[in-house]
Each structure stands twice: as structure tokens, then as C-alpha cells.
Amino acid sequence: QVPLVQSGGGSVQAGGSLTLSCVGTDFTYKKTCMGWFRQTPGKEREGVGVIYGDGRRETWTDYSDSVKGRFNISQDNAKNTVYLQMNSLKPDDTAIYYCAAPKEGELCRLHKAKGFGTWGQGTQVTVSS
């Protein structure tokens, strides 16, 4: 059983939009921190964005420079779901995208994929020019 189940993704032309969803269980979904990462062949997994907060109302987001202003992360804690809204997509955004929850005791760091221990199954996003 995949601990975090992703949906969405697919193929789109440059300039288009896609939304990814990631649903966890009460055990795998972390209300205080969830992240999105992406990976292309031959490259390390890179952080796309994280959303973190107090688990109630206050939330903050952090994005990589390459997607800032184009991507938006949101969450619905009642549904154990985190979303990645991707706008103005570029061919360079083509990758497999993963959602992730941090390991116990780890901080919610965008650029520290090793701090995340629970992963979704991955979703292919392909952007054509």
C-alpha cells in the first residue's frame, strides 16, 4: 500500500496548467509539513516547494526559485490532502513529481530531500514546447 497516493499530472503544452494531488492517511500525512519534489533522469531529486504550519490555521510556503510565482501549494488537512497547482508550465518542468512527508524529528526543509521519509508513488508531468 502506497503511503501517499498521488493523482493528476500528465502532458500539457508550455504555458498550460496542471494540478497534482496527494492523499495520505492519519499516519502518513503530516499536518505541519508536506513537500513536493521532482526528479529527472540522471539528476538528484530536487525540492519544488513545501507547506508547513501549526497544523491548525497558520501556514507558510517555500518554493524553489525555478517555480516561484508559478506554482502554488495548498492543503486540506481535513482530507489529509496536499495540492500542487502548476501554472505557466515550461518544458524544463518536465519531471516525475513526488509528494512527501518528513521523518519524525526532521525540519521541513525544501532543499533537504533526505529529511523526508514517506513518499508518494510519483507522477509524470510532461511539458511540450
# chains A, B, ... in the order shown; residues from 1 in each chain; ligands from 1

call {"tool": "residues_around", "arguments": {"residues": "Lys79 in chain A", "least_positions_apart": "5", "cutoff": "9 Å", "atoms": "only C-alpha atoms", "output": "ChimeraX atom specification"}}
result
/A:23-25

call {"tool": "residues_around", "arguments": {"residues": "Trp119 in chain A", "least_positions_apart": "5", "cutoff": "10 Å", "atoms": "only C-alpha atoms", "output": "list in words"}}
result
Val2, Pro3, Leu4, Val5, Gln6, Cys22, Gly24, Thr28, Gly35, Trp36, Phe37, Tyr98, Cys99, Ala100, Ala101 and Pro102 of chain A

call {"tool": "residues_around", "arguments": {"residues": "range 42-55 of chain A", "least_positions_apart": "6", "cutoff": "12 Å", "atoms": "only C-alpha atoms", "output": "number ranges by chain"}}
result
A: 29-36, 61-78, 80-86, 93, 95-102, 107-116, 119, 122

call {"tool": "residues_around", "arguments": {"residues": "Ser88 in chain A", "least_positions_apart": "4", "cutoff": "8 Å", "atoms": "only C-alpha atoms", "output": "MDAnalysis selection string"}}
result
chainID A and resid 14:17 70

call {"tool": "atom_distance", "arguments": {"atom1": "CA of Glu106 in chain A", "atom2": "CA of Thr123 in chain A"}}
result
24.6 Å

call {"tool": "closest_residue", "arguments": {"among": "A:Gln13, A:Ser21, A:Thr40, A:Ser7", "to": "Asn87 in chain A", "atoms": "only C-alpha atoms"}}
result
A:Gln13

call {"tool": "select_by_dssp", "arguments": {"residues": "range 76-113 of chain A", "states": "helix (DSSP H, G or I)", "output": "PyMOL selection string"}}
result
chain A and resi 77-79+91-93+113

call {"tool": "select_by_dssp", "arguments": {"residues": "chain A", "states": "strand (DSSP E or B)", "output": "ChimeraX atom specification"}}
result
/A:4-8,10-13,18-24,33-39,46-53,59-63,71-76,81-86,95-102,116-120,123-128

call {"tool": "atom_distance", "arguments": {"atom1": "CA of Gly10 in chain A", "atom2": "CA of Val127 in chain A"}}
result
8.6 Å
